[in-house]
Amino acid sequence: MKRGDPMKLEQLQTPALVADRAILNANMRAMMAMLEGKTLRLRPHYKSNKCAAIAHKQMELGAVGITCAKLEEAEDLIDAGVTDVLIANQVVDPLKIRRLAELAGMCRLTVCVDDGENAEALSKAACEAGTTIHVLVEFEIGMERCGVADPDLYVALARKVSTLQNLVYDGIQAYAGHVSHMASDEERRSYTDENAARLRSLIELLKHNGIEVHTLSGGSTGTSRIKAEQGLYTELQAGSYLFMDSTYRALGNLPFRNSLFLLTTVVSKRGALTILDAGVKSLGVDQNEPIFLTMDGEEIKVDHMAVNEEHCKLFSPDHDLSLGDHVLIVPGHCCSTVNLHDRLYLFENGEVVDRLAITARGKSR
């Protein structure tokens with residue numbers, strides 16, 4: 001290859017995380033088109049891409065801010081110039097609370113709480129830093145994770161937050177991630193409607209107690225269309241719509257396509273067994289098995305597969321793969337796969353057209 005010649009996708013050292021730029025951009029446009037004319041605004045989740053350049057692109061297309069899970073991710077976003085960040089999680093460590101209060105002076109920063117003592121600690125730190133922290137009190141709606149489950153206790157905590165200095169109660173965090181991958185649209189819609197009834201009741205109870213709800217934030221890729229049609233939530237925290245994965249591909253009823261792949265190489269063959277040079281250190285398989293494709297996008301069927309640290313075993317693939325051939329893998333889980341890589345290569349028509357740093361890789365504190 002001569003200097004200045006475009007690099008072919010197959011010339012990348014494998015395993016390499018790659019994305020089809022045209023499909024990635026189409027997915028971003030499809031999400032904004034879905035929300036056009038709706039009361040639901042996009043606040044995409046950073047956990048899926050962990051890439052500051054992509055976050056800025058999402059903001060350019062109309063996202064109102066970015067959601068993240070951890071304080072380090074918030075720091076990465078703020079360092080990159082993002083001015084509206086939601087940490088959709090609880091921050092309770094004293095050192096982290098102090099840092100959060102400092103960051104609140106650099107952007108509009110919102111954090112979730114589900115405990116009164118935590119709210120008091122946030123207020124104290126914000127007063128000492130001379131900053132204002134926006135707060136969403138989390139409501140537990142089926143994830144059995146964080147959040148206040150009892151409506152009366154929720155109202156009491158929301159009232160407490162509203163009275164604490166340098167804190168602003170903005171509204172409700174209500175994330176039902178367990179609904180996102182339900183197989184049928186009907187099942188997802190039924191669960192979402194049930195949760196909506198609980199949330200409407202909670203909002204009425206808050207209003208009855210003189211507490212206004214300005215923000216209801218949550219939702220995911222799998223429930224994005226339902227949330228948009230429902231008209232209850234004000235913010236959508238979808239993230240996987242950018243890339244998709246084999247788990248979402250199985251749903252088959254979303255307006256987003258697979259754009260993210262792991263480029264791999266056949267490194268060994270023995271009878272019906274074919275070995276690829278990628279394992280769990282470069283491929284997220286925590287939610288579903290991956291899908292294997294030829295470089296032309298044709299699916300490679302296998303009897304079964306297994307993944308080790310640095311190898312992927314394909315048993316009886318229905319394609320005649322040779323040593324040195326390249327195989328594209330659709331990850332079982334896009335979010336965990338991205339977090340295993342330092343960079344993302346964008347390609348179009350088989351040529352590498354850009355390289356993006358995954359700036360928040362490993363930032364899980």
# chains A, B, ... in the order shown; residues from 1 in each chain; ligands from 1
>>> residues_around(residues="range 202-205 of chain A", least_positions_apart="6", cutoff="8 Å", atoms="only C-alpha atoms", output="list in words")
Pro151, Val155 and Val213 of chain A
>>> write_last_selection(atoms="C-alpha atoms", output="PDB file, in the first residue's frame")
ATOM      1  CA  PRO A 151     -44.657   6.019  46.543  1.00  0.00           C
ATOM      2  CA  VAL A 155     -42.605  11.730  48.053  1.00  0.00           C
ATOM      3  CA  VAL A 213     -41.986  16.948  38.174  1.00  0.00           C
TER       4      VAL A 213
END
>>> residues_around(residues="Cys312 in chain A", least_positions_apart="5", cutoff="7 Å", atoms="only C-alpha atoms", output="JSON, numbers by chain")
{"A": [275, 276, 277, 278, 279, 306, 307]}
>>> write_last_selection(atoms="C-alpha atoms", output="mmCIF file, in the first residue's frame")
data_model
loop_
_atom_site.group_PDB
_atom_site.id
_atom_site.type_symbol
_atom_site.label_atom_id
_atom_site.label_comp_id
_atom_site.auth_asym_id
_atom_site.auth_seq_id
_atom_site.Cartn_x
_atom_site.Cartn_y
_atom_site.Cartn_z
ATOM 1 C CA ILE A 275 -10.625 -20.912 15.324
ATOM 2 C CA LEU A 276 -10.835 -17.097 15.262
ATOM 3 C CA ASP A 277 -8.389 -14.759 17.011
ATOM 4 C CA ALA A 278 -10.918 -13.100 19.340
ATOM 5 C CA GLY A 279 -12.238 -14.152 22.735
ATOM 6 C CA ALA A 306 -17.392 -21.457 22.345
ATOM 7 C CA VAL A 307 -15.304 -18.516 23.488
#
>>> atom_distance(atom1="CA of His56 in chain A", atom2="CA of Val82 in chain A")
7.3 Å
>>> closest_residue(among="A:Ala156, A:Ala250, A:Leu136, A:Leu164", to="Ala183 in chain A", atoms="only C-alpha atoms")
A:Ala250
>>> residues_around(residues="Phe139 in chain A", least_positions_apart="5", cutoff="12 Å", atoms="only C-alpha atoms", output="compact mmCIF listing (two decimals) with C-alpha atoms, in the first residue's frame")
# COMPACT_ATOMS: atom_id res chain seq x y z
CA ALA A 88 -28.02 7.86 36.09
CA ASN A 89 -26.66 6.27 39.22
CA CYS A 112 -29.72 10.19 40.95
CA VAL A 113 -30.47 9.56 44.62
CA ASP A 114 -32.60 7.06 46.51
CA ASP A 115 -31.48 7.86 50.07
CA GLU A 144 -34.88 -4.66 41.46
CA ARG A 145 -31.81 -2.49 41.51
CA CYS A 146 -31.60 1.09 42.82
CA GLY A 147 -34.59 3.29 43.55
CA VAL A 148 -37.40 3.95 46.02
CA ALA A 149 -40.25 1.47 45.55
CA ASP A 150 -42.87 2.91 47.92
CA PRO A 151 -44.66 6.02 46.54
CA ASP A 152 -45.09 7.65 49.96
CA LEU A 153 -41.40 7.19 50.78
CA TYR A 154 -40.58 8.58 47.35
CA VAL A 155 -42.60 11.73 48.05
CA LEU A 157 -37.42 11.93 49.77
CA ALA A 158 -38.39 14.28 46.93
CA GLY A 171 -37.95 14.90 38.77
CA ILE A 172 -37.89 11.14 38.39
CA GLN A 173 -35.38 8.57 37.17
CA ALA A 174 -37.27 5.39 36.19
CA TYR A 175 -35.36 2.85 34.15
CA ALA A 176 -36.86 -0.53 33.23
CA ASN A 195 -45.09 1.00 34.56
CA ALA A 196 -46.64 4.13 33.05
CA ARG A 198 -47.53 3.52 38.34
CA LEU A 199 -45.59 6.59 37.24
CA LEU A 202 -46.68 8.84 41.50
CA ILE A 203 -46.65 12.13 39.58
CA LEU A 216 -39.08 11.87 33.78
CA SER A 217 -35.98 10.15 32.46
CA GLY A 218 -35.39 6.53 31.46
>>> atom_distance(atom1="CA of Thr132 in chain A", atom2="CA of Ala101 in chain A")
7.6 Å
>>> residues_around(residues="Met34 in chain A", least_positions_apart="2", cutoff="8 Å", atoms="only C-alpha atoms", output="mmCIF file with C-alpha atoms, in the first residue's frame")
data_model
loop_
_atom_site.group_PDB
_atom_site.id
_atom_site.type_symbol
_atom_site.label_atom_id
_atom_site.label_comp_id
_atom_site.auth_asym_id
_atom_site.auth_seq_id
_atom_site.Cartn_x
_atom_site.Cartn_y
_atom_site.Cartn_z
ATOM 1 C CA ALA A 30 -33.637 7.188 12.544
ATOM 2 C CA MET A 31 -33.761 7.866 16.272
ATOM 3 C CA MET A 32 -34.201 11.609 15.790
ATOM 4 C CA GLU A 36 -39.647 14.317 15.836
ATOM 5 C CA ARG A 225 -40.828 3.693 19.986
ATOM 6 C CA ALA A 228 -42.237 8.089 22.085
#
>>> residues_around(residues="Ser184 in chain A", least_positions_apart="4", cutoff="10 Å", atoms="only C-alpha atoms", output="list in words")
Arg188, Arg189, Ser190, Leu251, Gly252 and Asn253 of chain A
>>> write_last_selection(atoms="C-alpha atoms", output="mmCIF file, in the first residue's frame")
data_model
loop_
_atom_site.group_PDB
_atom_site.id
_atom_site.type_symbol
_atom_site.label_atom_id
_atom_site.label_comp_id
_atom_site.auth_asym_id
_atom_site.auth_seq_id
_atom_site.Cartn_x
_atom_site.Cartn_y
_atom_site.Cartn_z
ATOM 1 C CA ARG A 188 -42.757 -4.829 25.973
ATOM 2 C CA ARG A 189 -45.755 -2.573 25.408
ATOM 3 C CA SER A 190 -47.767 -4.305 28.141
ATOM 4 C CA LEU A 251 -36.101 -8.574 18.155
ATOM 5 C CA GLY A 252 -36.304 -7.640 14.490
ATOM 6 C CA ASN A 253 -38.854 -4.847 14.915
#
>>> closest_residue(among="A:Thr234, A:Gln287, A:Ser322, A:Ser240", to="Lys50 in chain A", atoms="only C-alpha atoms")
A:Ser240
>>> atom_distance(atom1="CA of Met143 in chain A", atom2="CA of Val338 in chain A")
23.6 Å
>>> closest_residue(among="A:Val353, A:Ala53, A:Ala272, A:Leu263", to="Pro331 in chain A", atoms="only C-alpha atoms")
A:Leu263
>>> residues_around(residues="Cys127 in chain A", least_positions_apart="6", cutoff="10 Å", atoms="only C-alpha atoms", output="MDAnalysis selection string")
chainID A and resid 101 121 133 164:167
>>> residues_around(residues="range 7-18 of chain A", least_positions_apart="6", cutoff="9 Å", atoms="only C-alpha atoms", output="tab-separated table (two decimals) with C-alpha atoms, in the first residue's frame")
chain	number	residue	atom	x	y	z
A	1	MET	CA	0.00	0.00	0.00
A	259	SER	CA	-23.40	-1.13	12.53
A	260	LEU	CA	-20.84	-2.53	15.00
A	261	PHE	CA	-18.64	-5.53	14.25
A	262	LEU	CA	-15.49	-7.18	15.49
A	263	LEU	CA	-13.11	-7.91	12.63
A	264	THR	CA	-11.34	-11.23	13.24
A	265	THR	CA	-9.03	-13.65	11.44
A	277	ASP	CA	-8.39	-14.76	17.01
A	278	ALA	CA	-10.92	-13.10	19.34
A	282	SER	CA	-12.26	-8.39	22.90
A	295	MET	CA	-16.88	-9.96	4.65
A	326	HIS	CA	-11.54	-12.56	7.85
A	337	THR	CA	-17.69	-5.06	23.67
A	338	VAL	CA	-16.92	-1.36	23.16
A	341	HIS	CA	-11.23	-1.52	22.98
A	342	ASP	CA	-9.17	1.67	22.77
A	343	ARG	CA	-10.39	2.73	19.33
A	344	LEU	CA	-13.21	2.29	16.86
A	345	TYR	CA	-12.50	2.17	13.13
A	346	LEU	CA	-15.21	3.53	10.83
A	347	PHE	CA	-15.47	2.07	7.35
A	348	GLU	CA	-17.41	2.63	4.15
A	350	GLY	CA	-14.71	-1.78	2.56
A	351	GLU	CA	-12.29	1.08	3.29
A	352	VAL	CA	-11.31	2.56	6.64
A	353	VAL	CA	-12.41	6.21	6.68
>>> select_by_dssp(residues="range 144-330 of chain A", states="strand (DSSP E or B)", output="ChimeraX atom specification")
/A:148,167-174,215-218,235-236,260-270,273-276,291-293,299-300,304-307,312-315,326-330
>>> closest_residue(among="A:Asn288, A:Gly116, A:Val302, A:Asp296", to="Val330 in chain A", atoms="only C-alpha atoms")
A:Asn288
>>> select_by_dssp(residues="range 133-362 of chain A", states="helix (DSSP H, G or I)", output="count of residues only")
62
>>> closest_residue(among="A:Ile97, A:Leu42, A:Ala26, A:Ile87", to="Ser220 in chain A", atoms="only C-alpha atoms")
A:Leu42
>>> closest_residue(among="A:Asp354, A:Asp245, A:Asp93, A:Glu117", to="Pro290 in chain A", atoms="only C-alpha atoms")
A:Asp245
